[in-house]
Amino acid sequence: MRRISLSPPPAKSKIIMNNSGDIMKKLLIPLESAKDDSQLFTEMSVVSRDYEQNWSIGLNPDVNRNYPTYFKLYNHIDYRKAIKCARISFLKPKYIICKGDKEIWKLSSNKEKKGLMDFLNSHKRGNSKSIEEMSNWQYAIALWNVDMNYIDSVNDAWDITMNDFQPTKIDSPLPIDLPIPNYLNLR
């Protein structure tokens with residue numbers, strides 16, 4: 001599920017009329033006058049929620065760079081309410097450390113790490129009783145590839161396999177059959 005956050009609409013809008021009096025365009029506020037550009041068009045792909053552990057997995061890659069490739073694990077089903085975030089590499093059991101608005105989270109026990117592995121292997125997303133064709137791991141990979149503009153839809157992800165994968169090439173889509181790293185080894 002994609003979530004798009006936009007800043008609240010302004011109290012007033014400006015209307016520009018053409019010579020015949022018709023409305024040509026309605027302008028809200030110019031982007032340059034926005035107080036915090038980082039909140040105007042922030043987009044987060046929510047991969048799945050685990051209601052038992054109160055976790056969610058999300059993505060918001062930078063389309064201008066494909067490295068490092070990682071997903072975000074939040075300590076709440078609603079990433080906006082999460083206090084902590086673990087950024088975890090798709091390619092190896094490694095944390096990606098970078099600044100963000102959440103406290104850096106490192107899974108502290110084997111129980112949490114096993115919970116992550118079970119969550120990624122699960123074909124259940126959220127409270128839905130249905131079982132999805134893609135595991136949460138595969139769905140995260142598919143959404144990553146969509147968000148990075150490598151493919152147009154999640155279903156196109158089935159066409160990218162390990163046979164096509166070039167791990168040394170930085171600008172490359174992730175294969176749908178990429179094995180899950182052993183996240184029990186996260187340090």
# chains A, B, ... in the order shown; residues from 1 in each chain; ligands from 1
>>> residues_around(residues="A:Lys92", least_positions_apart="4", cutoff="8 Å", atoms="only C-alpha atoms", output="PyMOL selection string")
chain A and resi 181-183
>>> closest_atom_pairs(of="stretch 93-143 of chain A", to="stretch 47-61 of chain A", cutoff="9 Å", atoms="only C-alpha atoms", output="tab-separated table")
residue	atom	partner	partner_atom	distance
A:Glu112	CA	A:Gln53	CA	9.0
A:Gly115	CA	A:Gln53	CA	7.9
A:Phe119	CA	A:Asp50	CA	7.1
A:Lys124	CA	A:Ser48	CA	8.2
A:Arg125	CA	A:Ser48	CA	5.1
A:Gly126	CA	A:Arg49	CA	4.6
A:Asn127	CA	A:Tyr51	CA	7.1
A:Asn136	CA	A:Ser48	CA	6.7
A:Trp137	CA	A:Val47	CA	8.7
A:Tyr139	CA	A:Val47	CA	6.7
A:Ala140	CA	A:Val47	CA	5.7
A:Leu143	CA	A:Val47	CA	7.6
>>> write_last_selection(atoms="C-alpha atoms", output="PDB file, in the first residue's frame")
ATOM      1  CA  GLU A 112      13.321 -10.201  17.746  1.00  0.00           C
ATOM      2  CA  GLY A 115      10.469 -12.554  14.566  1.00  0.00           C
ATOM      3  CA  PHE A 119       7.650 -11.753   9.315  1.00  0.00           C
ATOM      4  CA  LYS A 124       0.182 -12.680   5.290  1.00  0.00           C
ATOM      5  CA  ARG A 125       0.046  -8.905   5.248  1.00  0.00           C
ATOM      6  CA  GLY A 126      -1.573  -7.091   8.133  1.00  0.00           C
ATOM      7  CA  ASN A 127      -4.869  -8.275   9.585  1.00  0.00           C
ATOM      8  CA  ASN A 136       6.559 -10.082   2.601  1.00  0.00           C
ATOM      9  CA  TRP A 137      10.214 -10.401   1.524  1.00  0.00           C
ATOM     10  CA  TYR A 139       6.727  -7.970  -1.869  1.00  0.00           C
ATOM     11  CA  ALA A 140       9.366  -5.659  -0.353  1.00  0.00           C
ATOM     12  CA  LEU A 143       7.936  -2.523  -4.216  1.00  0.00           C
TER      13      LEU A 143
END
>>> residues_around(residues="A:Pro173", least_positions_apart="6", cutoff="8 Å", atoms="only C-alpha atoms", output="ChimeraX atom specification")
/A:145,150,160,165
>>> write_last_selection(atoms="N, CA and C atoms", output="compact mmCIF listing (two decimals), in the first residue's frame")
# COMPACT_ATOMS: atom_id res chain seq x y z
N ASN A 145 11.66 -2.27 -6.38
CA ASN A 145 11.89 -2.14 -7.82
C ASN A 145 10.90 -1.19 -8.47
N TYR A 150 12.40 0.65 -11.79
CA TYR A 150 12.94 -0.44 -12.60
C TYR A 150 11.82 -1.22 -13.29
N ILE A 160 12.31 -10.62 -12.92
CA ILE A 160 13.69 -10.33 -12.55
C ILE A 160 14.16 -11.38 -11.55
N PHE A 165 20.61 -10.86 -12.05
CA PHE A 165 21.14 -9.99 -11.00
C PHE A 165 22.64 -9.78 -11.15
>>> atom_distance(atom1="atom CA of A:Phe90", atom2="atom CA of A:Gln138")
10.8 Å
>>> residues_around(residues="A:Lys94", least_positions_apart="5", cutoff="7 Å", atoms="only C-alpha atoms", output="list in words")
Ile88, Ser89, Leu186 and Arg187 of chain A
>>> atom_distance(atom1="atom CA of A:Ser130", atom2="atom CA of A:Asp156")
21.5 Å
